[in-house]
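**Student:** Let me give you the structure first, and then I'll get to my questions.
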Amino acid sequence: MGTGPMKASAMGVRRFGRVNWLGLATLSRREIQRFMAVWTQTLAAPLVTAGLFLGVFSLAIGPTRGEVMGVPFIQFLAPGILMMTVIQNAFANTSSSILISKIQGNIVDTLMPPLSAAELLVGYTIGGVARGVLVAVAIGALMTLVLGTGVAHPVWAAVFVLLGSTFLAGLGIVAAILANKFDQMAAITNFIVTPLSFLSGTFYSIERLPLAMQVITHVNPVFYLIDGVRYGMIGKSDSSPWLGLVVCTISTGVVMALCWRWLKSGYRMKA
């Protein structure tokens, strides 16, 4: 008997080539079906929340607030609310998926199949990006219908929505790996993710901030995500979209590299 068949059937030998496309597609489909099964919470609720933000600000501040960057305040506000909602949902999708599996003890069902760290990373990220993009499309359609405005630069808007969803999906994986309990995840969300999104020019132009705060804001990658989507939607921004593209791409790359390293080593996921 030759050695070829024995080697091919040996335990632990990868039989799927360089990429396990079937496993990757299965994980991605599972992550998408997770949030689609409860679409009223994951898609409809963010749409209602964004509508409430716009409605409240329009009634409370809109009539008395002057133009910002040469456009009505509500039109300036809309892209920030859209992006804030997108990144929160992308973060929530990956973080909740991994954390719940860790708490329930079934994370092993994901770690045991023949999926590499890169395939796990891509599978989880696709779920977060899909949720972020669907939320963006829904809110963007609502804002176009209500405000009657188009999209100034569709390609830029799409690029920053994709970058933002990917970046926060990666941060969600990092947070879920670090957290072991729901209250730990709540702390990360309340003290890191929410401040990053609220203090990034979502509701104001950073030109109104003191110089020191402007410098701090420019260090925050989420600022460039919100500013980039604002440029894509209304054609106005506080900084160059090219600078934002560079900063967000580098930040996303760093986060993804960290996720891959931790998934590969099983850090805080394997006994």
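Just so we're on the same page: first chain in the structure tokens is A, next is B, and so on; residues restart at 1 for each chain, and ligands are numbered from 1 in the order they show up.
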Using only C-alpha atoms, which protein or nucleic acid residues come within 9 Å of Val161 (chain A)? Drop anything in the same chain fewer than 6 positions from it, and give the result as a list in words.

**Tutor:**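 Contacts, with the query itself left out: Met83, Val86, Ile87, Val129, Gly132, Val133, Ala136, Leu225, Ile226, Gly228 and Val229 of chain A.
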
**Student:** Please tabulate, as CSV, the residues of region 83-176 of chain A that come within 9 Å of region 41-52 of chain A, each with its closest pair of atoms and the distance in Å to one decimal, counting only C-alpha atoms and ordering rows by chain, then residue number upward.

**Tutor:**
residue,atom,partner,partner_atom,distance
A:Thr85,CA,A:Pro46,CA,6.6
A:Val86,CA,A:Pro46,CA,8.6
A:Asn89,CA,A:Thr42,CA,7.4
A:Asn93,CA,A:Thr42,CA,8.7
A:Arg131,CA,A:Leu43,CA,7.7
A:Leu134,CA,A:Leu43,CA,7.4
A:Val135,CA,A:Leu43,CA,5.9
A:Ala138,CA,A:Leu47,CA,6.8
A:Ile139,CA,A:Leu47,CA,5.7
A:Leu142,CA,A:Gly51,CA,8.0
A:Met143,CA,A:Gly51,CA,8.3

**Student:** Nearest to Ile81 (chain A): which of A:Leu243, A:Asp238, A:Thr217, A:Tyr204 is it, counting only C-alpha atoms?

**Tutor:** A:Tyr204

**Student:** Kindly indicate which residue among A:Gly80, A:Gly172, A:Gly17, A:Gly150 lies nearest to Ser197 (chain A), using only C-alpha atoms for the distances.

**Tutor:**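 Among the listed residues, the smallest separation from Ser197 (chain A) belongs to A:Gly80.
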
**Student:** Extract, using only C-alpha atoms, all DNA, RNA and protein residues at most 10 Å from region 255-264 of chain A, discarding same-chain residues fewer than 4 positions from it, and format them as a VMD selection string.

**Tutor:** chain A and resid 111 116 to 122 125 166 to 175 177 to 178 250 to 251 268 to 270

**Student:** Go ahead and save the picked residues with N, CA and C atoms, as a CSV table (one decimal), in the first residue's frame.

**Tutor:**
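Writing done, so here's selection_2.csv:
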chain,number,residue,atom,x,y,z
A,111,LEU,N,-14.5,26.9,17.4
A,111,LEU,CA,-13.1,26.7,17.4
A,111,LEU,C,-12.6,25.3,16.9
A,116,SER,N,-9.2,28.2,9.9
A,116,SER,CA,-8.0,28.9,10.4
A,116,SER,C,-8.4,30.2,11.1
A,117,ALA,N,-7.5,30.9,11.8
A,117,ALA,CA,-7.8,32.1,12.5
A,117,ALA,C,-8.2,33.2,11.5
A,118,ALA,N,-7.6,33.2,10.3
A,118,ALA,CA,-8.1,34.2,9.3
A,118,ALA,C,-9.5,33.9,8.8
A,119,GLU,N,-9.9,32.6,8.7
A,119,GLU,CA,-11.2,32.3,8.2
A,119,GLU,C,-12.2,32.6,9.3
A,120,LEU,N,-11.9,32.4,10.6
A,120,LEU,CA,-12.8,32.8,11.7
A,120,LEU,C,-13.0,34.3,11.7
A,121,LEU,N,-11.8,35.0,11.5
A,121,LEU,CA,-11.9,36.5,11.5
A,121,LEU,C,-12.8,37.0,10.4
A,122,VAL,N,-12.6,36.5,9.2
A,122,VAL,CA,-13.4,36.9,8.1
A,122,VAL,C,-14.9,36.6,8.2
A,125,THR,N,-16.4,38.9,10.8
A,125,THR,CA,-16.4,40.2,10.3
A,125,THR,C,-17.5,40.4,9.3
A,166,THR,N,-16.3,47.4,9.2
A,166,THR,CA,-15.2,46.5,9.4
A,166,THR,C,-14.4,46.8,10.6
A,167,PHE,N,-14.1,48.1,10.8
A,167,PHE,CA,-13.3,48.5,12.0
A,167,PHE,C,-14.0,48.2,13.3
A,168,LEU,N,-15.3,48.5,13.4
A,168,LEU,CA,-16.0,48.2,14.6
A,168,LEU,C,-16.3,46.8,14.8
A,169,ALA,N,-16.5,46.0,13.7
A,169,ALA,CA,-16.7,44.6,13.8
A,169,ALA,C,-15.4,44.0,14.4
A,170,GLY,N,-14.2,44.5,14.0
A,170,GLY,CA,-13.0,44.0,14.6
A,170,GLY,C,-12.9,44.4,16.1
A,171,LEU,N,-13.3,45.6,16.4
A,171,LEU,CA,-13.2,46.0,17.8
A,171,LEU,C,-14.2,45.2,18.6
A,172,GLY,N,-15.3,44.8,18.0
A,172,GLY,CA,-16.3,43.9,18.7
A,172,GLY,C,-15.6,42.6,19.1
A,173,ILE,N,-14.8,42.0,18.1
A,173,ILE,CA,-14.2,40.8,18.4
A,173,ILE,C,-13.2,40.9,19.5
A,174,VAL,N,-12.4,42.0,19.5
A,174,VAL,CA,-11.4,42.3,20.6
A,174,VAL,C,-12.1,42.4,21.9
A,175,ALA,N,-13.2,43.1,22.0
A,175,ALA,CA,-13.9,43.3,23.2
A,175,ALA,C,-14.5,42.0,23.7
A,177,ILE,N,-13.4,39.0,23.2
A,177,ILE,CA,-12.3,38.1,23.6
A,177,ILE,C,-11.9,38.5,25.0
A,178,LEU,N,-11.8,39.8,25.3
A,178,LEU,CA,-11.4,40.3,26.6
A,178,LEU,C,-12.4,40.1,27.6
A,250,ILE,N,-5.5,52.2,8.1
A,250,ILE,CA,-4.4,51.8,9.0
A,250,ILE,C,-5.0,51.3,10.3
A,251,SER,N,-6.0,52.0,10.9
A,251,SER,CA,-6.6,51.6,12.2
A,251,SER,C,-7.3,50.3,12.0
A,268,ARG,N,-7.8,33.8,25.8
A,268,ARG,CA,-9.0,34.0,26.5
A,268,ARG,C,-10.2,33.3,25.9
A,269,MET,N,-10.0,32.3,25.0
A,269,MET,CA,-11.1,31.6,24.4
A,269,MET,C,-10.9,30.1,24.6
A,270,LYS,N,-9.7,29.6,24.7
A,270,LYS,CA,-9.4,28.2,24.9
A,270,LYS,C,-9.0,27.9,26.3
